[in-house]
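A short worksheet on the structure shown next.
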Amino acid sequence: MSNPFFSNKGPISLAQIFNILKITNEKKTDFNLFDIKDLNNADKDSITFFHSKKYKDVAKITKASFCLTSDLLKDFLPNTCQPIIVSNVLTAVARITKEFYPDSIEDEFDNKVFNIENKDFGIINHGKNVLVGENVKIGSNCLIGHNSIIEKNVQIGDNCKIGSNTIIRNSIIKNNVTILDNCIIGKKGFGFFPNKKKNFRYPHIGIVVINEDCEIGCGATIDRGSMSNTEIGKNTFLDNQIHIAHNVKIGENTIIAGQVGIAGSSTIGNNVRIGGQAGISGHLKIGNNVDIAGGSGVIKDIPDNSRVMGYPAKNLREFLRENK
Amino acid sequence: MSNPFFSNKGPISLAQIFNILKITNEKKTDFNLFDIKDLNNADKDSITFFHSKKYKDVAKITKASFCLTSDLLKDFLPNTCQPIIVSNVLTAVARITKEFYPDSIEDEFDNKVFNIENKDFGIINHGKNVLVGENVKIGSNCLIGHNSIIEKNVQIGDNCKIGSNTIIRNSIIKNNVTILDNCIIGKKGFGFFPNKKKNFRYPHIGIVVINEDCEIGCGATIDRGSMSNTEIGKNTFLDNQIHIAHNVKIGENTIIAGQVGIAGSSTIGNNVRIGGQAGISGHLKIGNNVDIAGGSGVIKDIPDNSRVMGYPAKNLREFLRENK
Amino acid sequence: MSNPFFSNKGPISLAQIFNILKITNEKKTDFNLFDIKDLNNADKDSITFFHSKKYKDVAKITKASFCLTSDLLKDFLPNTCQPIIVSNVLTAVARITKEFYPDSIEDEFDNKVFNIENKDFGIINHGKNVLVGENVKIGSNCLIGHNSIIEKNVQIGDNCKIGSNTIIRNSIIKNNVTILDNCIIGKKGFGFFPNKKKNFRYPHIGIVVINEDCEIGCGATIDRGSMSNTEIGKNTFLDNQIHIAHNVKIGENTIIAGQVGIAGSSTIGNNVRIGGQAGISGHLKIGNNVDIAGGSGVIKDIPDNSRVMGYPAKNLREFLRENK
């Protein structure tokens, strides 16, 4: 995945990793690991993870040298990849990712911002009290409204219009994008391992990417991804008060009405229309050219060219016939 | 309609209009048009539009001299009104309205605001960092909270209480109105013609009118109208996180609970009660004294004195009997 | 109830109380009342209220000397408690509470705040333009983001993280709590007596209590209670855009996904999971270890250890079987 923003504190030695995971029965070595990546993208310098049998085909050919996994799954790994057996794979992934990317867990406010007037950003028309953080690039001919905060790690293209009271961090905004007032873009997602005494937050090293010509309505919350990005395709328009959770991918030319919520890791196609207050559960795939009626609750994948309505959402005509 | 705020750049000559619409086969004339109005309100100095047969009775007696319409509809017009045939009437309306009212398309932040302390607004108790734009009137005995922005074209009556972090533009707020924190009132609605390469926004020359004694909860978004106003009747109370889309009309003494959404151009009567998270589809008419249960999804008109529940919303008793 | 913040203007003489309620046929006395409390908590110096037969068992043993009630209910009261008969008990309660606690009706912005830099709050890392009101305590090692306003009557524990653009008042925030951006915490609830000419707001003398290790997502609105507190238990996590109404109690280790709304006076147990966009009606009791699926509309009590889905929410398996 593309991760231009979070600073990688690697390499980390295998000895350190065993230490973090409280593994004592393995031979401690000075072997250095440079990153944590998924099975697909890992190379011989990375540690990877394998927590569900549904990834066994990718696991068989991973190029990683080490893999956090369970006793039940370890035999799927190739000989070139040494299993590290842990009781909870995802918690272990969170702990190790936190070592590589310590800045990706919490969302503390950016305390290194400065008033935009203190730096030359070229042709920008900005409001009062605009704050800008480190590692921010802003293209030409942009507008940034009053009291908005462009925190660290943001790239904004040309001809963008950012409203007032909006906060952006860890995001790439392409050309000709309009973001209205009171939005919060690029915060960590709602991701943690529940724990009776104290929940354990997991890292969010993904970013938010908003492609060309999009419009984001007032009061939107668009969370950045955990291990992949949250992304909105070209010329997609969002109405007010919409919530887009971590790792969601939305296609091009899609139209989403007010108060819609899309849960984590779902994928929405191109030319999709979603009516007001509809909700999409997590980890779903909504095809291209789909119409989802307002108020629907979608709890399973929807194929291309479908029209659905209801809770749970079903074929539109069927729903209307049953509910005359 | 009443449109006190958007500056009309007319007159525009018929030759210019043909030019904008890329109509080349008509005789270009210097006839001057002073405004674009609907069939009902147009006079001989206006251009009007006629895009659906359901308006044929009004079309027959329009006083406009020119009318954007289609080949199929043109014969309904009186002899005094010359049809201008276009392939897409609504897109043509948007283009021409944009010529008359160029400021009504985009919602760029108001960059001419100044700190409220720089102008004498009489007896106002205001917080820190309050910004005020041009053409703003504020009555006596008002409160305006911290960081709020009263952008251009706003009239606020007497004894009004505006919270903190709230943004208002293009709105008339009558006496004794309370608007709580984080509201965004008077932004353009979510209105545009979808287009695969780049959606085409249409003008919003309507305003928001909030009548006497209303309360608007925290985090509301109330969009201004496109060709008519968005209006909220006297003594109507809205809870937190409510979205009111463009052109919606809400009656008097109505009570709307948290997280309700009302889609564009719907009309809600007097003494209506709407429970939390209910949604009202667009272009509906909800009568007087209607009770809509929380969570309902209303997709058709509701007559006076009805009690409804469900998605789609139906008679309350019927719904409860079927869902014991 | 615990009410550390609202200043009690008592004592108020019985003569004054009769005057406020326009009761003329009672003998006016100088007997002094020091507070208004519910039947349970009232002592001989308090006035109490009794408006529904379902409280008759508590009424029989109340220690209050005076009680606002109706002719139908007055005979349940003990001889030591003198009934004061009124036509609408709750309206009378509101009027008398307003006399004791005049600051608890309206939510005017706090106009006595000052920039946090003007006072020494110890080890706090704060952003730009942070405003703080009177009677605010902030523990050590806290973060407070840009433009946030900690209005009067707030106690914040140690190691708390408050985001940017957040407003807090009348609240107790315990240790290790994270509150993200754009939240509004401690405002009065949406409580009033409808009246055709002008609704009558009732007092909110409850506060908001957020216990240790909680996380509150972006854009939350958490209203303070009317006669009791709104409270969130330890280690409970809320996602973005959630609305918690007045008097709601939420247990420990509970997880609430985005855009959920909980109506007034409902109680949610420990270890509950509520999916995105679900709504809980008012005055309900949701047990411990309950799972409520996303999009559900809960309109009745849910016992411990249940899994529910649908609108109205029912047993999860039943719902899925009926909606295959």
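Following the order of the structure tokens, chains are lettered A, B, ..., residues in each are numbered from 1, and ligands are numbered from 1.
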How close does each residue of chain A get to chain B, giving the shortest atom pair and distance in Å to one decimal for every residue with an atom at most 7 Å away, counting only C-alpha atoms, sorted by chain and residue number, as a tab-separated table?
residue	atom	partner	partner_atom	distance
A:Gly127	CA	B:Asn111	CA	6.0
A:Gly145	CA	B:Phe109	CA	5.4
A:Gly163	CA	B:Phe109	CA	6.0
A:Ser164	CA	B:Phe109	CA	6.8
A:Asp213	CA	B:Lys198	CA	6.7
A:Asn235	CA	B:Lys198	CA	5.8
A:Asp239	CA	B:Phe190	CA	5.9
A:Asn253	CA	B:Lys196	CA	5.9
A:Gly295	CA	B:Gly297	CA	6.3
field: Selection near Asp43 in chain C, 9 Å with only C-alpha atoms, sequence-local residues under 5 positions removed, as a list in words
entry: Lys37, Thr48, Thr62, Lys63, Ala64 and Ser65 of chain C
message: Residues near Glu212 in chain C, anyone? I mean within 9 Å using only C-alpha atoms, not counting same-chain ones fewer than 4 positions away, as a list in words.
response: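 The contact residues come out as Gly157, Ile173, Lys174, Asn175, Asn176, Val177, Gly233, Lys234, Asn235 and Thr236 of chain C.
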Quick one: write out the picked residues with C-alpha atoms as a short mmCIF file (atom, residue, chain, number, x, y, z; two decimals), in the first residue's frame?
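Written out: result_29.cif:
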data_model
loop_
_atom_site.label_atom_id
_atom_site.label_comp_id
_atom_site.auth_asym_id
_atom_site.auth_seq_id
_atom_site.Cartn_x
_atom_site.Cartn_y
_atom_site.Cartn_z
CA GLY C 157 -9.18 14.27 34.99
CA ILE C 173 -14.63 13.90 32.55
CA LYS C 174 -12.67 11.24 34.46
CA ASN C 175 -9.08 10.09 33.83
CA ASN C 176 -7.75 8.77 30.51
CA VAL C 177 -10.74 9.88 28.46
CA GLY C 233 -19.43 3.99 31.96
CA LYS C 234 -15.74 3.10 32.01
CA ASN C 235 -13.94 1.98 28.86
CA THR C 236 -16.97 2.57 26.62
#
- prompt: Among range 78-215 of chain B, which residues carry a DSSP assignment of strand (DSSP E), reported as a count of residues only?
  reply: 41
message: So the first atom is CA of Gly310 in chain B and the second is CA of Ala293 in chain A; what is the distance between them in Å, to one decimal place?
response: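 If I compute the distance from CA of Gly310 in chain B to CA of Ala293 in chain A, I get 15.0 Å.
Taking CA of Gly269 in chain B and CA of Asn289 in chain B as endpoints, the distance between them is 7.1 Å.
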Atomic separation - CA of Val130 in chain B relative to CA of Asn159 in chain B, Å: 17.6 Å
task: Considering only C-alpha atoms, return as an MDAnalysis selection string whatever protein or nucleic-acid residues lie within 6 Å of Ile168 in chain A, sequence-local ones (same chain, fewer than 2 positions apart) excluded.
output: chainID A and resid 150:151 184:186
Residue selection dump (C-alpha atoms) as a PDB file, in the first residue's frame:
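File written: again18.pdb
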ATOM      1  CA  ILE A 150      -4.797  21.601   7.707  1.00  0.00           C
ATOM      2  CA  GLU A 151      -2.796  19.400  10.064  1.00  0.00           C
ATOM      3  CA  ILE A 184     -13.093  15.953   9.711  1.00  0.00           C
ATOM      4  CA  ILE A 185     -10.950  14.068   7.261  1.00  0.00           C
ATOM      5  CA  GLY A 186      -8.087  11.684   7.921  1.00  0.00           C
TER       6      GLY A 186
END
